[in-house]
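Next comes run-v2.csv, a file with CSV, C-alpha atoms.
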```csv
chain,number,residue,atom,x,y,z
A,1,MET,CA,43.3,61.3,23.3
A,2,SER,CA,46.0,61.6,20.8
A,3,PHE,CA,45.4,60.8,17.1
A,4,VAL,CA,47.8,57.8,17.4
A,5,LYS,CA,45.9,56.4,20.4
A,6,GLN,CA,42.6,56.8,18.6
A,7,CYS,CA,44.0,54.8,15.6
A,8,GLU,CA,45.2,52.1,17.9
A,9,VAL,CA,41.7,51.9,19.5
A,10,ARG,CA,40.0,51.7,16.1
A,11,HIS,CA,42.3,49.0,14.9
A,12,PHE,CA,41.7,47.0,18.1
A,13,GLN,CA,37.9,47.4,17.8
A,14,ALA,CA,38.0,46.4,14.1
A,15,ALA,CA,40.1,43.3,14.9
A,16,LYS,CA,37.8,42.4,17.7
A,17,LYS,CA,34.8,42.6,15.4
A,18,ARG,CA,36.5,40.5,12.7
A,19,ASN,CA,37.4,37.9,15.3
A,20,PHE,CA,33.8,37.9,16.6
A,21,ARG,CA,32.5,37.4,13.0
A,22,CYS,CA,34.9,34.6,12.4
A,23,GLN,CA,34.0,32.8,15.6
A,24,ASN,CA,30.3,33.3,14.8
A,25,SER,CA,30.8,31.9,11.3
A,26,GLN,CA,32.5,28.9,12.8
A,27,ARG,CA,29.6,28.4,15.2
A,28,VAL,CA,27.1,28.6,12.3
A,29,ALA,CA,29.2,26.1,10.3
A,30,VAL,CA,29.3,23.7,13.2
A,31,ARG,CA,25.5,24.0,13.7
A,32,CYS,CA,24.9,23.4,10.0
A,33,GLN,CA,27.2,20.3,10.1
A,34,LYS,CA,25.3,19.0,13.1
A,35,SER,CA,22.0,19.7,11.4
A,36,GLU,CA,23.1,17.9,8.2
A,37,ASN,CA,24.3,14.9,10.2
A,38,SER,CA,21.1,14.8,12.1
A,39,ASN,CA,19.1,14.9,8.8
A,40,ARG,CA,21.2,12.1,7.4
A,41,GLU,CA,20.5,10.0,10.5
A,42,MET,CA,16.8,10.7,10.3
A,43,GLU,CA,16.7,9.8,6.7
A,44,SER,CA,18.6,6.6,7.4
A,45,THR,CA,16.2,5.7,10.2
A,46,ARG,CA,13.2,6.4,8.0
A,47,ARG,CA,14.5,4.2,5.2
A,48,SER,CA,15.2,1.4,7.8
A,49,LEU,CA,11.6,1.7,9.1
A,50,LEU,CA,10.1,1.6,5.6
A,51,ALA,CA,12.2,-1.4,4.8
A,52,GLY,CA,11.1,-3.1,8.0
A,53,CYS,CA,7.5,-2.5,7.1
A,54,ALA,CA,7.8,-4.1,3.7
A,55,PHE,CA,6.4,-7.4,5.0
A,56,SER,CA,3.7,-6.0,7.3
A,57,LEU,CA,1.3,-5.2,4.5
A,58,PRO,CA,0.6,-7.6,1.6
A,59,ALA,CA,4.2,-7.9,0.3
A,60,PHE,CA,3.8,-4.9,-2.0
A,61,ALA,CA,7.5,-4.3,-2.1
A,62,ARG,CA,8.2,-7.8,-3.3
A,63,ILE,CA,6.0,-7.7,-6.3
A,64,GLU,CA,7.9,-8.0,-9.6
A,65,SER,CA,6.9,-7.3,-13.2
A,66,ARG,CA,7.9,-9.4,-16.1
A,67,ALA,CA,8.3,-7.9,-19.5
A,68,ASP,CA,7.0,-11.0,-21.3
A,69,ASP,CA,3.6,-10.8,-19.6
A,70,ASP,CA,0.6,-9.0,-21.0
A,71,PHE,CA,0.1,-5.3,-20.2
A,72,GLU,CA,-2.2,-4.2,-17.5
A,73,LYS,CA,-5.5,-3.0,-18.9
A,74,MET,CA,-5.6,0.8,-18.4
A,75,GLU,CA,-8.2,3.1,-19.9
A,76,GLY,CA,-5.7,5.8,-20.8
A,77,ILE,CA,-3.7,3.5,-23.1
A,78,ARG,CA,-6.4,1.2,-24.4
A,79,GLY,CA,-5.4,-0.4,-27.7
A,80,LYS,CA,-1.8,0.6,-27.4
A,81,ASP,CA,1.1,-1.8,-27.9
A,82,TYR,CA,2.9,-0.5,-24.7
A,83,GLY,CA,2.1,-0.1,-21.0
A,84,LYS,CA,2.8,-1.5,-17.6
A,85,SER,CA,3.7,-5.2,-17.6
A,86,ARG,CA,1.5,-7.5,-15.5
A,87,MET,CA,2.7,-8.1,-12.0
A,88,ARG,CA,4.0,-11.5,-11.1
A,89,VAL,CA,4.5,-12.3,-7.5
A,90,PRO,CA,7.2,-14.9,-6.5
A,91,ASP,CA,6.1,-18.0,-4.6
A,92,TYR,CA,2.4,-17.4,-5.6
A,93,VAL,CA,0.5,-20.0,-7.5
A,94,LYS,CA,-0.9,-18.7,-10.8
A,95,SER,CA,-4.0,-20.4,-12.2
A,96,SER,CA,-4.9,-20.6,-15.9
A,97,SER,CA,-7.3,-17.7,-15.4
A,98,GLY,CA,-4.5,-15.4,-14.2
A,99,LEU,CA,-5.4,-15.4,-10.5
A,100,GLN,CA,-2.4,-15.6,-8.2
A,101,TYR,CA,-2.7,-16.9,-4.7
A,102,GLN,CA,-0.8,-18.1,-1.7
A,103,ASP,CA,-2.1,-19.8,1.5
A,104,LEU,CA,-0.9,-17.9,4.5
A,105,ILE,CA,-2.6,-20.5,6.9
A,106,THR,CA,-3.7,-23.9,5.8
A,107,GLY,CA,-7.0,-24.7,7.5
A,108,LYS,CA,-7.5,-27.7,9.7
A,109,GLY,CA,-11.2,-28.0,9.2
A,110,ASP,CA,-13.5,-29.4,6.5
A,111,ASP,CA,-12.9,-28.7,2.8
A,112,VAL,CA,-15.2,-26.2,1.3
A,113,GLN,CA,-17.4,-27.6,-1.5
A,114,GLU,CA,-19.4,-26.0,-4.3
A,115,GLY,CA,-22.8,-25.2,-3.0
A,116,ASN,CA,-21.6,-24.6,0.6
A,117,THR,CA,-22.7,-21.3,2.2
A,118,LEU,CA,-19.6,-20.0,3.9
A,119,LEU,CA,-19.0,-17.5,6.7
A,120,ILE,CA,-15.8,-15.6,5.8
A,121,ASP,CA,-13.8,-12.6,6.8
A,122,TRP,CA,-11.9,-10.5,4.2
A,123,ASP,CA,-9.9,-7.5,3.5
A,124,GLY,CA,-9.0,-5.7,0.2
A,125,TYR,CA,-6.3,-3.4,-1.2
A,126,THR,CA,-5.9,-1.5,-4.4
A,127,ILE,CA,-2.5,-3.1,-4.9
A,128,GLY,CA,-2.0,-1.6,-8.3
A,129,TYR,CA,-2.5,1.9,-6.9
A,130,TYR,CA,-0.5,2.7,-3.8
A,131,GLY,CA,-1.8,-0.4,-1.9
A,132,ARG,CA,-4.6,1.5,-0.3
A,133,PRO,CA,-7.0,-0.6,1.8
A,134,PHE,CA,-10.7,-0.5,1.0
A,135,GLU,CA,-11.7,-3.0,3.6
A,136,ALA,CA,-10.2,-4.1,6.9
A,137,ARG,CA,-10.6,-7.5,8.4
A,138,ASN,CA,-12.9,-8.0,11.3
A,139,LYS,CA,-11.3,-5.7,13.9
A,140,THR,CA,-11.7,-2.2,15.3
A,141,LYS,CA,-10.7,0.1,12.4
A,142,GLY,CA,-8.4,3.2,12.7
A,143,GLY,CA,-8.1,6.4,10.8
A,144,ALA,CA,-10.6,6.8,8.0
A,145,PHE,CA,-12.0,3.3,8.8
A,146,VAL,CA,-13.2,4.1,12.3
A,147,GLY,CA,-16.4,2.3,13.2
A,148,ASP,CA,-17.8,-0.8,14.9
A,149,ASP,CA,-16.6,-4.2,14.0
A,150,LYS,CA,-18.1,-5.3,10.7
A,151,ASP,CA,-20.2,-8.4,10.3
A,152,PHE,CA,-18.6,-11.5,8.8
A,153,TYR,CA,-19.5,-12.0,5.1
A,154,LYS,CA,-21.6,-14.8,3.8
A,155,VAL,CA,-21.0,-16.3,0.4
A,156,THR,CA,-22.4,-19.4,-1.4
A,157,LEU,CA,-19.7,-21.1,-3.5
A,158,GLY,CA,-20.9,-21.5,-7.1
A,159,ALA,CA,-23.7,-18.9,-6.8
A,160,HIS,CA,-21.7,-16.3,-8.7
A,161,LYS,CA,-22.7,-13.5,-6.4
A,162,VAL,CA,-19.1,-12.4,-5.9
A,163,ILE,CA,-16.5,-11.3,-8.4
A,164,PRO,CA,-14.9,-14.3,-10.4
A,165,GLY,CA,-11.5,-14.0,-8.8
A,166,PHE,CA,-12.9,-14.0,-5.3
A,167,GLU,CA,-15.0,-17.1,-5.9
A,168,GLU,CA,-12.2,-18.9,-7.6
A,169,ALA,CA,-9.9,-18.3,-4.7
A,170,LEU,CA,-12.3,-20.0,-2.3
A,171,TYR,CA,-12.0,-23.4,-4.1
A,172,GLY,CA,-9.6,-25.7,-2.4
A,173,MET,CA,-9.7,-23.9,1.0
A,174,LYS,CA,-10.5,-25.5,4.4
A,175,VAL,CA,-12.2,-24.0,7.4
A,176,GLY,CA,-9.7,-22.0,9.4
A,177,GLY,CA,-7.6,-21.3,6.3
A,178,ILE,CA,-6.4,-17.8,5.2
A,179,ARG,CA,-5.6,-17.2,1.6
A,180,ARG,CA,-4.1,-14.1,-0.1
A,181,PHE,CA,-4.8,-13.6,-3.8
A,182,ILE,CA,-4.3,-11.1,-6.5
A,183,VAL,CA,-7.2,-10.3,-8.9
A,184,PRO,CA,-6.5,-8.9,-12.4
A,185,VAL,CA,-9.1,-6.5,-13.7
A,186,GLU,CA,-10.8,-9.2,-15.9
A,187,LEU,CA,-11.5,-11.3,-12.8
A,188,GLY,CA,-12.7,-8.2,-10.8
A,189,TYR,CA,-15.8,-6.1,-10.6
A,190,PRO,CA,-17.8,-6.1,-13.9
A,191,ASN,CA,-17.8,-2.7,-15.6
A,192,ASN,CA,-15.6,-1.4,-12.8
A,193,ASP,CA,-18.6,-1.1,-10.5
A,194,PHE,CA,-18.5,-2.7,-7.1
A,195,ASN,CA,-22.3,-2.5,-6.8
A,196,THR,CA,-22.7,-5.2,-9.5
A,197,LEU,CA,-21.1,-8.1,-7.5
A,198,GLY,CA,-19.7,-8.6,-4.0
A,199,PRO,CA,-17.9,-8.2,-1.9
A,200,LYS,CA,-18.5,-4.6,-1.2
A,201,PRO,CA,-16.6,-2.4,1.2
A,202,SER,CA,-18.5,-1.9,4.5
A,203,THR,CA,-17.5,1.8,5.1
A,204,PHE,CA,-17.9,5.0,3.3
A,205,SER,CA,-14.1,5.5,3.2
A,206,GLY,CA,-13.6,2.0,1.7
A,207,LYS,CA,-16.2,2.6,-1.0
A,208,ARG,CA,-14.7,5.9,-1.9
A,209,ALA,CA,-11.2,4.4,-2.1
A,210,LEU,CA,-12.2,1.5,-4.3
A,211,ASP,CA,-14.6,3.6,-6.5
A,212,PHE,CA,-11.8,6.1,-7.2
A,213,VAL,CA,-9.6,3.4,-8.7
A,214,LEU,CA,-12.3,1.5,-10.5
A,215,LYS,CA,-13.9,4.5,-12.2
A,216,ASN,CA,-10.6,6.2,-13.1
A,217,GLN,CA,-10.2,6.6,-16.9
A,218,GLY,CA,-6.5,7.4,-16.8
A,219,LEU,CA,-3.3,5.4,-16.2
A,220,ILE,CA,-4.3,3.5,-13.1
A,221,ASP,CA,-3.6,-0.1,-12.5
A,222,LYS,CA,-6.9,-1.6,-11.2
A,223,THR,CA,-5.4,-4.9,-9.9
A,224,LEU,CA,-6.7,-5.8,-6.5
A,225,LEU,CA,-5.4,-7.9,-3.6
A,226,PHE,CA,-7.6,-9.7,-1.1
A,227,ASP,CA,-7.2,-11.8,2.0
A,228,ILE,CA,-10.0,-14.3,2.9
A,229,GLU,CA,-10.4,-16.4,6.0
A,230,VAL,CA,-13.0,-19.2,6.1
A,231,ILE,CA,-14.6,-19.0,9.5
A,232,ARG,CA,-17.1,-21.9,9.1
A,233,ILE,CA,-19.4,-23.7,6.8
A,234,LEU,CA,-23.0,-22.7,7.4
A,235,SER,CA,-24.7,-25.2,5.1
```
Please rewrite the model in this file as structure tokens.
Amino acid sequence: MSFVKQCEVRHFQAAKKRNFRCQNSQRVAVRCQKSENSNREMESTRRSLLAGCAFSLPAFARIESRADDDFEKMEGIRGKDYGKSRMRVPDYVKSSSGLQYQDLITGKGDDVQEGNTLLIDWDGYTIGYYGRPFEARNKTKGGAFVGDDKDFYKVTLGAHKVIPGFEEALYGMKVGGIRRFIVPVELGYPNNDFNTLGPKPSTFSGKRALDFVLKNQGLIDKTLLFDIEVIRILS
């Protein structure tokens, strides 16, 4: 083959390689664009799902803080003149003690009275710390709360065997009613120990979740949220 012919062949091969690399780069760019679009769609879907779930748990996303409220009591900043403002939930009734509550279902049965022994169902969340559940209501539990259905809880109104916020929330309820309420730390478990007063979580996972928040000495908001349902009056 002549030298000229060899040069033509080399130029042709070089051009072919450049064209291949160019086409390959275009394909990679197209794939990257498709991947980026897909990621954007997935992120948009995820945000939509999270937004849709905002009401499924106890309205965590709708909680607001007001700068004029007292600060939450946190061990890590005890005695400081700054901190996290106390949460204030719209549409909740706030009592003089600081308890906030809302009736999800108004009962149709008898009014509960001081001295009554009540059969109730309840659940609880560490609302000030990621809204983690430490007790599920009377139903088959999933995940870390796997186990048989728990027994209903008995409480005598006025006996002071449960935390102050829990007992206060029972006043004014009727049989069949469901009330949701937010308990600030001063109406919660004395000395941050759930073994001192009820109600206590019924599972190991629940005890561990609640104990982690109550015993933490750092910057953890120990505000709790409960739901209670009055099943019936026992006596």
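Of the residues under consideration (A:Val183, A:Leu210, A:Leu197, A:Leu170), A:Val183 shows the shortest atom-to-atom contact distance to Glu72 of chain A when counting all atoms listed in the file.
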### Message
Using Å and a single decimal, report how far atom CA of Phe181 of chain A sits from atom CA of Asn116 of chain A.
### Response
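Distance reported for this atom pair: 20.6 Å.
Computed from the coordinates, the atom CA of Gly188 of chain A to atom CA of Leu99 of chain A distance equals 10.3 Å.
Atom to atom, atom CA of Gly109 of chain A and atom CA of Leu157 of chain A stand 16.8 Å apart.
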### Task
Please provide the set of residues having any atom within 7 Å of Trp122 of chain A, restricted to all atoms listed in the file, with same-chain residues fewer than 2 positions apart removed, written as a list of chain:residue names.
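Selected residues are A:Ile120, A:Gly124, A:Arg137, A:Phe226, A:Asp227, A:Ile228, A:Glu229.
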Need to verify the contact set: Gly172 of chain A, 9 Å, all atoms listed in the file, exclusion of same-chain residues closer than 6 positions in sequence. Can you return it as an mmCIF file with C-alpha atoms, in the coordinates of the input?
```
data_model
loop_
_atom_site.group_PDB
_atom_site.id
_atom_site.type_symbol
_atom_site.label_atom_id
_atom_site.label_comp_id
_atom_site.auth_asym_id
_atom_site.auth_seq_id
_atom_site.Cartn_x
_atom_site.Cartn_y
_atom_site.Cartn_z
ATOM 1 C CA ASP A 111 -12.900 -28.700 2.800
ATOM 2 C CA VAL A 112 -15.200 -26.200 1.300
ATOM 3 C CA GLN A 113 -17.400 -27.600 -1.500
#
```
#### Entry: Nearby residues (only C-alpha atoms) at most 12 Å from Asn192 of chain A, same-chain spacing under 6 positions excluded, as number ranges by chain
A: 73-75, 163, 184-186, 210-217, 222-224
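The nearest approach to Leu187 of chain A among the residues A:Ala209, A:Leu104, A:Leu225, A:Val230, with only C-alpha atoms taken into account, belongs to A:Leu225.
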